Amino acid sequence: MTEMLNDVFGQDTRTKAQQLIARYPQSRSALLPMLHLVQSVEGFVSQDGIRFCAEQLELTTAEVSAVATFYTMYKRKPCGEHLVSVCTNTLCAALGGDAIYARLKEELGSDGKPLGHEQTSEDGKVTLEHAECLAACDLGPVLQVNYEYFDNQDPDTASDLVAKLRAGERPAPTRGAPLTDFKQAELQLAGFFEGRDLDVAGPSAAKETLRGNTVAQDRGWSAPVMPDGVLPPVPEKKK
Amino acid sequence: MSNELVPVLTKRWLSPNSWTMDTYEQLEGYQGLRKALGAQPDQLIELVKASGLRGRGGAGFPTGLKWSFIPQGDGKPHYLVINADEGEPGTCKDIPLMMADPHSLIEGCIITSYAIRANFCAIYVRGEVLHCIRRLNAAVQEAYAKGYLGKNILGSGFDLDIVVHAGAGAYICGEETALLDSLEGRRGQPRLKPPFPATSGLYASPTVVNNVETITSVPYIVLGGSDWFRAMGTEKSPGPKIYSISGHVEKPGQYEAPLGITLRELLEMAGGMKDGIPLKFWTPGGSSTPLFTAEHLDVPLDFEGAAAAGSMLGTTAVQVFNETVSVPWAVMKWTEFYKHESCGKCTPCREGTYWLTQILQRMCKGEGTAADIENLLDICDNILGRSFCALGDGAVSPITSGIKYFRHEFLALCEKNAEDSYEAFLAGASA
């Protein structure tokens with residue numbers, strides 16, 4: 001069994017798995033990042049991936065499966081080169097998220113059949129999903145490609161974006177690093193950023209994020225001036 | 001007196017490369033830590049108690065009191081866990097904060113860990129925010145390189161390690177005990193309380209779980225003192241708070257204001273309703289807080305004010321909807337969300353959200369009956385307060401408040417159906 005897994009997950013992945021374990025006071029805490037790690041190799045969590053995690057952490061495959069199937073981000077079928085997640089929670093949906101998702105379903109489908117949730121276009125380029133609130137509501141409707149934000153979308157911009165992805169282009173996210181692919185994003189989610197130091201750059205914030213600050217500047221508002229605060233005395237021990 | 005904005009936590013966001021150590025140190029960064037390490041840990045707990053800081057993740061529990069519950073001298077390791085699993089619909093304050101100013105959170109983590117005598121801290125971030133995770137990770141590395149993390153921090157003898165931990169897509173992990181189970185490598189399902197995390201948290205050891213915005217407030221309190229902090233906000237809800245305005249307004253965004261500001265004031269700052277279309281309903285703090293309407297424009301948005309008006313402050317995620325949005329439709333969408341995110345542990349929430357969704361979908365298709373409204377309320381009554389955690393309670397908020405203020409819209413959906421059925425009945429009779 002171990003030999004078979006070695007074919008799928010090389011020495012590099014095994015080393016990374018051990019590095020993950022070393023980060024935590026107890027080894028099992030490394031399971032979530034390790035599942036991201038196996039996804040970075042295979043593009044989904046396969047049975048081999050489950051066995052790999054179980055071996056590394058001395059758990060049963062049932063214990064690992066129970067965890068892998070609980071979380072939305074662990075995919076049970078191979079993902080396309082890119083994962084496109086469209087927020088269709090209430091606020092984004094009201095602003096146009098439902099229309100974006102409907103348009104992408106149609107355009108990514110084939111043989112007159114729209115693409116379904118977590119299905120992949122025939123060319124293998126794009127897996128589509130509807131997502132719950134992505135915590136960028138002031139920038140809605142939002143979608144993500146490989147968990148990078150594309151803000152203030154509409155059906156046309158989203159359609160254009162997905163067409164470019166299928167043509168092999170990698171348009172820049174509104175905030176975030178240059179696009180890679182789903183597997184490389186998963187490697188970073190597992191906590192491995194080596195060789196990608198420049199990814200951290202980009203704007204500090206979207207203009208929407210700074211609107212309160214802008215209003216405050218325009219109107220000359222600020223927080224009370226901060227004095228050198230005094231610390232309270234050491235409390236007496238209760239007897 | 002009307003409220004003015006008070007940028008404290010958000011102020012540094014304006015600076016170029018605000019996420020870097022260089023910028024942070026130029027703007028008073030890690031000065032609070034230096035001051036804190038010169039004090040006794042118990043002084044810091046007293047300071048935060050005196051400041052009146054309350055949890056910014058939704059519940060509003062007094063932060064200093066939470067820290068004081070950690071037993072000292074118990075011989076067990078202590079842990080600090082940061083809840084950065086921002087996922088409550090409408091909530092979008094912690095992600096921009098960590099993206100623009102990750103060091104302020106890290107400095108807060110170090111001070112808090114010192115106060116509660118923890119040597120390991122985990123920042124549990126939802127997985128879908130890769131750039132945020134990247135910035136946090138880079139900031140942690142910078143902090144290690146500068147001696148703010150690791151062994152013998154700034155020569156104080158205090159040691160701390162921080163791990164940035166990516167979640168994997170589960171709203172329930174924003175519930176603190178589900179988060180702890182998830183951090184232990186398990187399914188994220190809530191635990192029965194008591195025991196509380198303060199005595200039996202991560203790895204069954206004393207643990208403080210706090211929200212990002214809460215812990216980020218700490219360095220400012222250390223620098224400015226509790227009186228300065230209390231100069232903002234109200235007596236029972238002191239301090240500045242990031243209000244996230246989204247939806248049908250001209251200028252959605254992040255507005256940091258004293259607690260107790262009103263929607264009327266916030267709307268004025270946000271340029272008013274988009275295209276002048278009137279306000280219909282809004283959430284004061286995410287979808288789990290009961291809806292408000294145009295009647296509530298002057299409710300003070302602090303913990304007491306929101307509660308007195310029949311809702312909750314929650315995460316101050318102010319989602320604004322205009323007259324074009326159908327309330328039953330919005331409620332259906334939120335209920336689909338809760339059904340998807342119910343972890344399945346407790347029967348009332350697991351089964352209840354399943355049936356609520358089906359009834360609401362049927363009503364929105366125009367196939368409901370007036371009896372469905374009572375049925376919805378009955379199911380809500382069987383969920384509220386009957387599960388381990390607050391997810392089920394949150395799930396019923398949009399439904400019960402939606403029906404309370406907009407029953408006529410639910411009824412209108414049913415009346416159309418009743419007319420159609422009657423016509424079909426007559427058509428059948430004449431055939």
# chains A, B, ... in the order shown; residues from 1 in each chain; ligands from 1
$ residues_around --residues "region 136-143 of chain B" --least-positions-apart "5" --cutoff "6 Å" --atoms "only C-alpha atoms" --output "PyMOL selection string"
chain B and resi 102+148-149
$ interface_residues --of "chain A" --to "chain B" --cutoff "6 Å" --atoms "only C-alpha atoms" --output "ChimeraX atom specification"
/A:28-29,31-32,67,71-73,90,133,135-138,147,176,200,204-205,208-209,211-212,216,222-223,226-230,232,234
$ select_by_dssp --residues "region 92-213 of chain B" --states "strand (DSSP E)" --output "MDAnalysis selection string"
chainID B and resid 120:125 161:166 207:211
$ write_last_selection --atoms "N, CA, C and O atoms" --output "mmCIF file, in the first residue's frame"
data_model
loop_
_atom_site.group_PDB
_atom_site.id
_atom_site.type_symbol
_atom_site.label_atom_id
_atom_site.label_comp_id
_atom_site.auth_asym_id
_atom_site.auth_seq_id
_atom_site.Cartn_x
_atom_site.Cartn_y
_atom_site.Cartn_z
ATOM 1 N N PHE B 120 1.210 29.301 22.595
ATOM 2 C CA PHE B 120 0.864 28.884 21.237
ATOM 3 C C PHE B 120 -0.440 29.570 20.861
ATOM 4 O O PHE B 120 -1.395 29.588 21.651
ATOM 5 N N CYS B 121 -0.435 30.133 19.669
ATOM 6 C CA CYS B 121 -1.628 30.834 19.185
ATOM 7 C C CYS B 121 -1.905 30.388 17.761
ATOM 8 O O CYS B 121 -0.986 30.282 16.940
ATOM 9 N N ALA B 122 -3.147 30.075 17.476
ATOM 10 C CA ALA B 122 -3.538 29.713 16.111
ATOM 11 C C ALA B 122 -4.510 30.767 15.593
ATOM 12 O O ALA B 122 -5.422 31.184 16.308
ATOM 13 N N ILE B 123 -4.272 31.220 14.370
ATOM 14 C CA ILE B 123 -5.222 32.117 13.703
ATOM 15 C C ILE B 123 -5.981 31.258 12.693
ATOM 16 O O ILE B 123 -5.416 30.810 11.696
ATOM 17 N N TYR B 124 -7.246 30.975 13.014
ATOM 18 C CA TYR B 124 -8.051 30.100 12.153
ATOM 19 C C TYR B 124 -8.787 30.972 11.132
ATOM 20 O O TYR B 124 -9.762 31.645 11.456
ATOM 21 N N VAL B 125 -8.289 30.972 9.895
ATOM 22 C CA VAL B 125 -8.865 31.808 8.841
ATOM 23 C C VAL B 125 -9.677 30.931 7.898
ATOM 24 O O VAL B 125 -9.241 29.825 7.553
ATOM 25 N N ASP B 161 4.625 31.039 19.732
ATOM 26 C CA ASP B 161 4.553 30.644 18.319
ATOM 27 C C ASP B 161 3.147 30.903 17.808
ATOM 28 O O ASP B 161 2.167 30.669 18.516
ATOM 29 N N ILE B 162 3.066 31.392 16.558
ATOM 30 C CA ILE B 162 1.760 31.600 15.914
ATOM 31 C C ILE B 162 1.692 30.768 14.644
ATOM 32 O O ILE B 162 2.635 30.758 13.846
ATOM 33 N N VAL B 163 0.595 30.064 14.468
ATOM 34 C CA VAL B 163 0.339 29.330 13.235
ATOM 35 C C VAL B 163 -0.882 29.928 12.540
ATOM 36 O O VAL B 163 -1.893 30.203 13.194
ATOM 37 N N VAL B 164 -0.752 30.174 11.239
ATOM 38 C CA VAL B 164 -1.893 30.607 10.430
ATOM 39 C C VAL B 164 -2.520 29.347 9.837
ATOM 40 O O VAL B 164 -1.863 28.614 9.103
ATOM 41 N N HIS B 165 -3.760 29.079 10.209
ATOM 42 C CA HIS B 165 -4.403 27.815 9.874
ATOM 43 C C HIS B 165 -5.579 28.077 8.930
ATOM 44 O O HIS B 165 -6.501 28.811 9.281
ATOM 45 N N ALA B 166 -5.530 27.503 7.747
ATOM 46 C CA ALA B 166 -6.614 27.718 6.781
ATOM 47 C C ALA B 166 -7.722 26.697 7.005
ATOM 48 O O ALA B 166 -7.465 25.497 7.082
ATOM 49 N N THR B 207 -8.369 27.795 27.056
ATOM 50 C CA THR B 207 -8.221 28.453 25.757
ATOM 51 C C THR B 207 -9.092 29.691 25.694
ATOM 52 O O THR B 207 -10.252 29.659 26.109
ATOM 53 N N VAL B 208 -8.516 30.754 25.175
ATOM 54 C CA VAL B 208 -9.318 31.940 24.848
ATOM 55 C C VAL B 208 -9.566 31.925 23.347
ATOM 56 O O VAL B 208 -8.627 31.785 22.562
ATOM 57 N N VAL B 209 -10.827 32.042 22.944
ATOM 58 C CA VAL B 209 -11.165 32.199 21.533
ATOM 59 C C VAL B 209 -11.737 33.606 21.368
ATOM 60 O O VAL B 209 -12.722 33.955 22.017
ATOM 61 N N ASN B 210 -11.098 34.412 20.540
ATOM 62 C CA ASN B 210 -11.566 35.780 20.305
ATOM 63 C C ASN B 210 -11.576 36.095 18.811
ATOM 64 O O ASN B 210 -10.789 35.549 18.049
ATOM 65 N N ASN B 211 -12.461 37.005 18.465
ATOM 66 C CA ASN B 211 -12.581 37.466 17.085
ATOM 67 C C ASN B 211 -11.399 38.382 16.701
ATOM 68 O O ASN B 211 -10.772 39.010 17.551
#
$ closest_residue --among "A:Ala158, A:Cys53, A:Val145, A:Cys79" --to "Gly96 (chain A)" --atoms "only C-alpha atoms"
A:Ala158
$ residues_around --residues "Ala395 (chain B)" --least-positions-apart "3" --cutoff "9 Å" --atoms "only C-alpha atoms" --output "list in words"
Ser287, Ser288, Trp334, Thr335, Phe337, Tyr338, Lys339, Cys349, Thr353, Cys380, Ile383, Leu384, Ala390, Leu391, Gly392, Pro398 and Ile399 of chain B
$ residues_around --residues "region 165-167 of chain A" --least-positions-apart "4" --cutoff "12 Å" --atoms "only C-alpha atoms" --output "PyMOL selection string"
chain A and resi 80-84+107-108+120-127+145-146+158-161+171-172+179-181
$ write_last_selection --atoms "C-alpha atoms" --output "PDB file, in the first residue's frame"
ATOM      1  CA  GLY A  80     -10.609  21.627 -13.576  1.00  0.00           C
ATOM      2  CA  GLU A  81      -7.557  23.811 -14.066  1.00  0.00           C
ATOM      3  CA  HIS A  82      -9.480  26.647 -12.389  1.00  0.00           C
ATOM      4  CA  LEU A  83     -12.233  26.687  -9.805  1.00  0.00           C
ATOM      5  CA  VAL A  84     -14.776  29.463 -10.322  1.00  0.00           C
ATOM      6  CA  GLU A 107     -21.930  29.085 -21.236  1.00  0.00           C
ATOM      7  CA  LEU A 108     -19.894  26.328 -19.618  1.00  0.00           C
ATOM      8  CA  THR A 120     -16.303  20.784 -14.918  1.00  0.00           C
ATOM      9  CA  SER A 121     -16.481  22.109 -18.471  1.00  0.00           C
ATOM     10  CA  GLU A 122     -15.745  19.555 -21.188  1.00  0.00           C
ATOM     11  CA  ASP A 123     -12.374  21.103 -21.960  1.00  0.00           C
ATOM     12  CA  GLY A 124     -11.327  20.525 -18.336  1.00  0.00           C
ATOM     13  CA  LYS A 125     -10.522  24.189 -17.868  1.00  0.00           C
ATOM     14  CA  VAL A 126     -13.164  25.352 -15.417  1.00  0.00           C
ATOM     15  CA  THR A 127     -15.051  23.821 -12.507  1.00  0.00           C
ATOM     16  CA  VAL A 145     -11.123  32.094  -9.264  1.00  0.00           C
ATOM     17  CA  ASN A 146      -8.973  29.703  -7.237  1.00  0.00           C
ATOM     18  CA  ALA A 158     -17.917  37.181 -15.538  1.00  0.00           C
ATOM     19  CA  SER A 159     -18.573  35.683 -18.951  1.00  0.00           C
ATOM     20  CA  ASP A 160     -15.542  37.492 -20.371  1.00  0.00           C
ATOM     21  CA  LEU A 161     -13.385  36.312 -17.468  1.00  0.00           C
ATOM     22  CA  PRO A 171      -6.584  37.723 -15.878  1.00  0.00           C
ATOM     23  CA  ALA A 172      -5.472  39.557 -12.735  1.00  0.00           C
ATOM     24  CA  LEU A 179      -3.589  33.857 -10.983  1.00  0.00           C
ATOM     25  CA  THR A 180      -2.044  30.405 -10.966  1.00  0.00           C
ATOM     26  CA  ASP A 181      -4.309  27.366 -10.973  1.00  0.00           C
TER      27      ASP A 181
END
$ residues_around --residues "Lys66 (chain B)" --least-positions-apart "4" --cutoff "8 Å" --atoms "only C-alpha atoms" --output "list in words"
Phe61, Pro62, Ile70, Ala198 and Val208 of chain B
$ closest_residue --among "A:Ala94, A:Ala206, A:Met34, A:Val162" --to "Tyr74 (chain A)" --atoms "only C-alpha atoms"
A:Met34
$ select_by_dssp --residues "region 67-230 of chain A" --states "alpha helix (DSSP H)" --output "MDAnalysis selection string"
chainID A and resid 67:68 90:92 98:108 155:166 182:189 211:219
$ closest_residue --among "B:Lys241, B:Arg407, B:Lys345, B:Lys365" --to "Gly55 (chain B)" --atoms "only C-alpha atoms"
B:Lys241
$ atom_distance --atom1 "CA of Gly52 (chain B)" --atom2 "CA of Lys236 (chain B)"
7.2 Å
$ residues_around --residues "region 290-307 of chain B" --least-positions-apart "3" --cutoff "8 Å" --atoms "only C-alpha atoms" --output "compact mmCIF listing (two decimals) with all heavy atoms, in the first residue's frame"
# COMPACT_ATOMS: atom_id res chain seq x y z
N GLY B 60 -20.66 39.75 21.89
CA GLY B 60 -20.46 40.91 22.74
C GLY B 60 -20.06 40.59 24.17
O GLY B 60 -20.27 41.39 25.07
N THR B 234 -20.60 53.95 23.75
CA THR B 234 -21.50 54.21 24.87
C THR B 234 -20.94 53.56 26.13
O THR B 234 -19.95 52.84 26.07
CB THR B 234 -22.90 53.61 24.59
OG1 THR B 234 -22.77 52.19 24.47
CG2 THR B 234 -23.49 54.16 23.29
N LYS B 236 -22.03 51.14 28.05
CA LYS B 236 -22.02 49.67 28.10
C LYS B 236 -21.41 49.05 26.84
O LYS B 236 -21.10 47.86 26.83
CB LYS B 236 -23.44 49.16 28.30
CG LYS B 236 -23.94 49.40 29.71
CD LYS B 236 -25.33 48.80 29.91
CE LYS B 236 -25.76 48.94 31.36
NZ LYS B 236 -27.21 48.67 31.50
N SER B 237 -21.33 49.82 25.77
CA SER B 237 -20.72 49.34 24.52
C SER B 237 -19.67 50.33 24.07
O SER B 237 -19.88 51.09 23.14
CB SER B 237 -21.77 49.19 23.42
OG SER B 237 -22.77 48.26 23.74
N LEU B 259 -19.49 52.86 18.62
CA LEU B 259 -20.67 52.03 18.85
C LEU B 259 -21.83 52.92 19.24
O LEU B 259 -21.66 53.86 20.02
CB LEU B 259 -20.39 50.98 19.93
CG LEU B 259 -19.68 49.72 19.43
CD1 LEU B 259 -19.07 48.95 20.60
CD2 LEU B 259 -20.62 48.83 18.64
N GLY B 260 -23.00 52.64 18.68
CA GLY B 260 -24.17 53.46 18.99
C GLY B 260 -24.58 54.38 17.85
O GLY B 260 -25.59 55.06 17.93
N ILE B 261 -23.82 54.36 16.76
CA ILE B 261 -24.21 55.14 15.59
C ILE B 261 -25.51 54.54 15.03
O ILE B 261 -25.85 53.38 15.32
CB ILE B 261 -23.07 55.15 14.54
CG1 ILE B 261 -23.28 56.26 13.51
CG2 ILE B 261 -22.95 53.78 13.85
CD1 ILE B 261 -22.06 56.52 12.64
N THR B 262 -26.26 55.32 14.25
CA THR B 262 -27.52 54.81 13.71
C THR B 262 -27.39 54.57 12.20
O THR B 262 -26.49 55.08 11.56
CB THR B 262 -28.65 55.83 13.92
OG1 THR B 262 -28.36 57.00 13.15
CG2 THR B 262 -28.81 56.19 15.38
N LEU B 263 -28.34 53.80 11.67
CA LEU B 263 -28.33 53.59 10.22
C LEU B 263 -28.56 54.90 9.48
O LEU B 263 -27.99 55.14 8.43
CB LEU B 263 -29.37 52.55 9.79
CG LEU B 263 -29.36 52.29 8.27
CD1 LEU B 263 -28.04 51.69 7.81
CD2 LEU B 263 -30.51 51.39 7.83
N ARG B 264 -29.39 55.78 10.06
CA ARG B 264 -29.63 57.05 9.39
C ARG B 264 -28.30 57.81 9.17
O ARG B 264 -28.03 58.33 8.09
CB ARG B 264 -30.60 57.92 10.20
CG ARG B 264 -31.08 59.16 9.44
CD ARG B 264 -31.96 60.06 10.30
NE ARG B 264 -33.18 59.44 10.79
CZ ARG B 264 -34.30 59.25 10.06
NH1 ARG B 264 -34.34 59.64 8.80
NH2 ARG B 264 -35.37 58.69 10.60
N LEU B 279 -35.52 52.46 1.07
CA LEU B 279 -35.13 51.32 1.92
C LEU B 279 -36.36 50.48 2.25
O LEU B 279 -37.43 51.01 2.52
CB LEU B 279 -34.53 51.88 3.22
CG LEU B 279 -34.27 50.91 4.36
CD1 LEU B 279 -33.10 49.98 4.02
CD2 LEU B 279 -33.96 51.67 5.66
N LYS B 280 -36.17 49.15 2.22
CA LYS B 280 -37.26 48.26 2.62
C LYS B 280 -36.89 47.49 3.90
O LYS B 280 -37.63 47.52 4.87
CB LYS B 280 -37.59 47.29 1.50
CG LYS B 280 -38.78 46.41 1.76
CD LYS B 280 -39.09 45.65 0.49
CE LYS B 280 -40.23 44.68 0.63
NZ LYS B 280 -40.43 43.93 -0.64
N PHE B 281 -35.77 46.81 3.89
CA PHE B 281 -35.36 46.08 5.10
C PHE B 281 -33.84 46.00 5.14
O PHE B 281 -33.16 46.19 4.14
CB PHE B 281 -35.98 44.68 5.17
CG PHE B 281 -35.59 43.75 4.03
CD1 PHE B 281 -34.62 42.78 4.20
CD2 PHE B 281 -36.21 43.85 2.79
CE1 PHE B 281 -34.27 41.92 3.15
CE2 PHE B 281 -35.86 43.00 1.74
CZ PHE B 281 -34.90 42.03 1.92
N TRP B 282 -33.33 45.69 6.36
CA TRP B 282 -31.88 45.63 6.53
C TRP B 282 -31.53 44.74 7.72
O TRP B 282 -32.38 44.47 8.56
CB TRP B 282 -31.28 47.03 6.69
CG TRP B 282 -31.84 47.88 7.79
CD1 TRP B 282 -33.09 48.45 7.84
CD2 TRP B 282 -31.19 48.28 9.01
NE1 TRP B 282 -33.24 49.17 8.98
CE2 TRP B 282 -32.09 49.10 9.72
CE3 TRP B 282 -29.91 48.07 9.55
CZ2 TRP B 282 -31.77 49.68 10.96
CZ3 TRP B 282 -29.59 48.64 10.78
CH2 TRP B 282 -30.52 49.43 11.47
N THR B 283 -30.31 44.26 7.74
CA THR B 283 -29.84 43.50 8.90
C THR B 283 -28.85 44.37 9.65
O THR B 283 -27.98 44.98 9.04
CB THR B 283 -29.10 42.21 8.49
OG1 THR B 283 -27.87 42.56 7.83
CG2 THR B 283 -29.93 41.35 7.56
N PRO B 284 -28.97 44.43 10.99
CA PRO B 284 -27.98 45.23 11.74
C PRO B 284 -26.64 44.51 11.85
O PRO B 284 -25.61 45.17 11.96
CB PRO B 284 -28.63 45.40 13.11
CG PRO B 284 -29.63 44.31 13.23
CD PRO B 284 -30.07 43.95 11.83
N SER B 287 -27.05 38.00 8.67
CA SER B 287 -28.37 37.41 8.42
C SER B 287 -28.94 36.71 9.65
O SER B 287 -30.12 36.41 9.69
CB SER B 287 -28.31 36.45 7.23
OG SER B 287 -27.43 35.39 7.50
N GLY B 310 -35.37 44.63 19.35
CA GLY B 310 -35.83 43.32 18.89
C GLY B 310 -34.88 42.59 17.96
O GLY B 310 -35.23 41.58 17.36
N SER B 311 -33.64 43.08 17.85
CA SER B 311 -32.68 42.34 17.04
C SER B 311 -31.40 42.16 17.85
O SER B 311 -31.45 42.08 19.09
CB SER B 311 -32.40 43.06 15.72
OG SER B 311 -31.59 42.27 14.89
N MET B 312 -30.26 42.07 17.17
CA MET B 312 -28.98 41.92 17.84
C MET B 312 -27.94 42.70 17.05
O MET B 312 -28.08 42.88 15.84
CB MET B 312 -28.56 40.45 17.87
CG MET B 312 -29.40 39.57 18.77
SD MET B 312 -28.83 37.86 18.71
CE MET B 312 -29.33 37.37 17.07
N LEU B 313 -26.89 43.13 17.75
CA LEU B 313 -25.85 43.88 17.06
C LEU B 313 -25.05 42.98 16.12
O LEU B 313 -24.61 43.41 15.04
CB LEU B 313 -24.90 44.55 18.06
CG LEU B 313 -23.89 45.49 17.43
CD1 LEU B 313 -24.59 46.70 16.83
CD2 LEU B 313 -22.84 45.93 18.44
N THR B 316 -22.18 43.75 13.15
CA THR B 316 -22.36 45.06 12.49
C THR B 316 -22.21 44.95 10.97
O THR B 316 -21.63 45.82 10.33
CB THR B 316 -21.41 46.16 13.05
OG1 THR B 316 -20.06 45.73 12.92
CG2 THR B 316 -21.73 46.45 14.48
N SER B 397 -34.06 33.55 12.56
CA SER B 397 -34.17 35.02 12.66
C SER B 397 -34.78 35.67 11.41
O SER B 397 -35.71 36.47 11.52
CB SER B 397 -32.80 35.65 12.94
OG SER B 397 -32.44 35.45 14.26
N PRO B 398 -34.25 35.37 10.21
CA PRO B 398 -34.83 36.03 9.04
C PRO B 398 -36.29 35.64 8.82
O PRO B 398 -37.10 36.47 8.38
CB PRO B 398 -33.98 35.54 7.86
CG PRO B 398 -32.91 34.68 8.39
CD PRO B 398 -33.10 34.52 9.86
N THR B 400 -38.68 34.55 11.17
CA THR B 400 -39.66 35.10 12.13
C THR B 400 -39.74 36.63 11.99
O THR B 400 -40.84 37.19 12.03
CB THR B 400 -39.31 34.70 13.57
OG1 THR B 400 -37.93 35.02 13.81
CG2 THR B 400 -39.49 33.23 13.82
N SER B 401 -38.60 37.27 11.78
CA SER B 401 -38.66 38.73 11.64
C SER B 401 -39.26 39.12 10.29
O SER B 401 -39.99 40.11 10.19
CB SER B 401 -37.27 39.35 11.81
OG SER B 401 -36.37 38.85 10.85
N GLY B 402 -38.98 38.33 9.26
CA GLY B 402 -39.56 38.60 7.95
C GLY B 402 -41.08 38.52 7.99
O GLY B 402 -41.79 39.38 7.45
N TYR B 405 -42.68 41.54 10.10
CA TYR B 405 -42.80 42.85 9.46
C TYR B 405 -43.44 42.80 8.07
O TYR B 405 -43.93 43.81 7.59
CB TYR B 405 -41.43 43.51 9.35
CG TYR B 405 -40.78 43.82 10.67
CD1 TYR B 405 -39.58 43.22 11.03
CD2 TYR B 405 -41.38 44.70 11.57
CE1 TYR B 405 -38.98 43.50 12.26
CE2 TYR B 405 -40.80 44.98 12.80
CZ TYR B 405 -39.60 44.37 13.14
OH TYR B 405 -39.01 44.64 14.34
$ residues_around --residues "Gly195 (chain A)" --least-positions-apart "6" --cutoff "12 Å" --atoms "only C-alpha atoms" --output "mmCIF file with C-alpha atoms, in the first residue's frame"
data_model
loop_
_atom_site.group_PDB
_atom_site.id
_atom_site.type_symbol
_atom_site.label_atom_id
_atom_site.label_comp_id
_atom_site.auth_asym_id
_atom_site.auth_seq_id
_atom_site.Cartn_x
_atom_site.Cartn_y
_atom_site.Cartn_z
ATOM 1 C CA GLN A 184 -1.119 25.824 -6.768
ATOM 2 C CA LEU A 187 -0.535 24.320 -1.997
ATOM 3 C CA GLN A 188 -0.599 27.836 -0.553
#
$ decode --residues "region 158-162 of chain B" --atoms "all heavy atoms" --output "PDB file, in the first residue's frame"
ATOM      1  N   PHE B 158       9.484  35.768  27.457  1.00  0.00           N
ATOM      2  CA  PHE B 158       8.202  35.201  27.002  1.00  0.00           C
ATOM      3  C   PHE B 158       8.369  34.589  25.611  1.00  0.00           C
ATOM      4  O   PHE B 158       8.969  35.191  24.727  1.00  0.00           O
ATOM      5  CB  PHE B 158       7.142  36.307  26.983  1.00  0.00           C
ATOM      6  CG  PHE B 158       5.823  35.894  26.402  1.00  0.00           C
ATOM      7  CD1 PHE B 158       5.074  34.891  27.000  1.00  0.00           C
ATOM      8  CD2 PHE B 158       5.327  36.502  25.249  1.00  0.00           C
ATOM      9  CE1 PHE B 158       3.858  34.506  26.448  1.00  0.00           C
ATOM     10  CE2 PHE B 158       4.122  36.115  24.696  1.00  0.00           C
ATOM     11  CZ  PHE B 158       3.373  35.113  25.305  1.00  0.00           C
ATOM     12  N   ASP B 159       7.829  33.362  25.452  1.00  0.00           N
ATOM     13  CA  ASP B 159       7.913  32.651  24.164  1.00  0.00           C
ATOM     14  C   ASP B 159       6.521  32.539  23.544  1.00  0.00           C
ATOM     15  O   ASP B 159       5.550  32.263  24.250  1.00  0.00           O
ATOM     16  CB  ASP B 159       8.416  31.205  24.349  1.00  0.00           C
ATOM     17  CG  ASP B 159       9.728  31.134  25.091  1.00  0.00           C
ATOM     18  OD1 ASP B 159      10.486  32.122  25.062  1.00  0.00           O
ATOM     19  OD2 ASP B 159       9.994  30.070  25.715  1.00  0.00           O
ATOM     20  N   LEU B 160       6.449  32.706  22.233  1.00  0.00           N
ATOM     21  CA  LEU B 160       5.165  32.492  21.556  1.00  0.00           C
ATOM     22  C   LEU B 160       5.372  32.057  20.109  1.00  0.00           C
ATOM     23  O   LEU B 160       6.183  32.630  19.385  1.00  0.00           O
ATOM     24  CB  LEU B 160       4.320  33.787  21.557  1.00  0.00           C
ATOM     25  CG  LEU B 160       2.951  33.648  20.855  1.00  0.00           C
ATOM     26  CD1 LEU B 160       2.022  32.734  21.634  1.00  0.00           C
ATOM     27  CD2 LEU B 160       2.294  35.013  20.655  1.00  0.00           C
ATOM     28  N   ASP B 161       4.625  31.039  19.732  1.00  0.00           N
ATOM     29  CA  ASP B 161       4.553  30.644  18.319  1.00  0.00           C
ATOM     30  C   ASP B 161       3.147  30.903  17.808  1.00  0.00           C
ATOM     31  O   ASP B 161       2.167  30.669  18.516  1.00  0.00           O
ATOM     32  CB  ASP B 161       4.873  29.151  18.164  1.00  0.00           C
ATOM     33  CG  ASP B 161       6.363  28.886  18.337  1.00  0.00           C
ATOM     34  OD1 ASP B 161       7.163  29.564  17.670  1.00  0.00           O
ATOM     35  OD2 ASP B 161       6.720  28.009  19.148  1.00  0.00           O
ATOM     36  N   ILE B 162       3.066  31.392  16.558  1.00  0.00           N
ATOM     37  CA  ILE B 162       1.760  31.600  15.914  1.00  0.00           C
ATOM     38  C   ILE B 162       1.692  30.768  14.644  1.00  0.00           C
ATOM     39  O   ILE B 162       2.635  30.758  13.846  1.00  0.00           O
ATOM     40  CB  ILE B 162       1.522  33.088  15.568  1.00  0.00           C
ATOM     41  CG1 ILE B 162       1.363  33.924  16.846  1.00  0.00           C
ATOM     42  CG2 ILE B 162       0.278  33.260  14.701  1.00  0.00           C
ATOM     43  CD1 ILE B 162       0.991  35.386  16.600  1.00  0.00           C
TER      44      ILE B 162
END
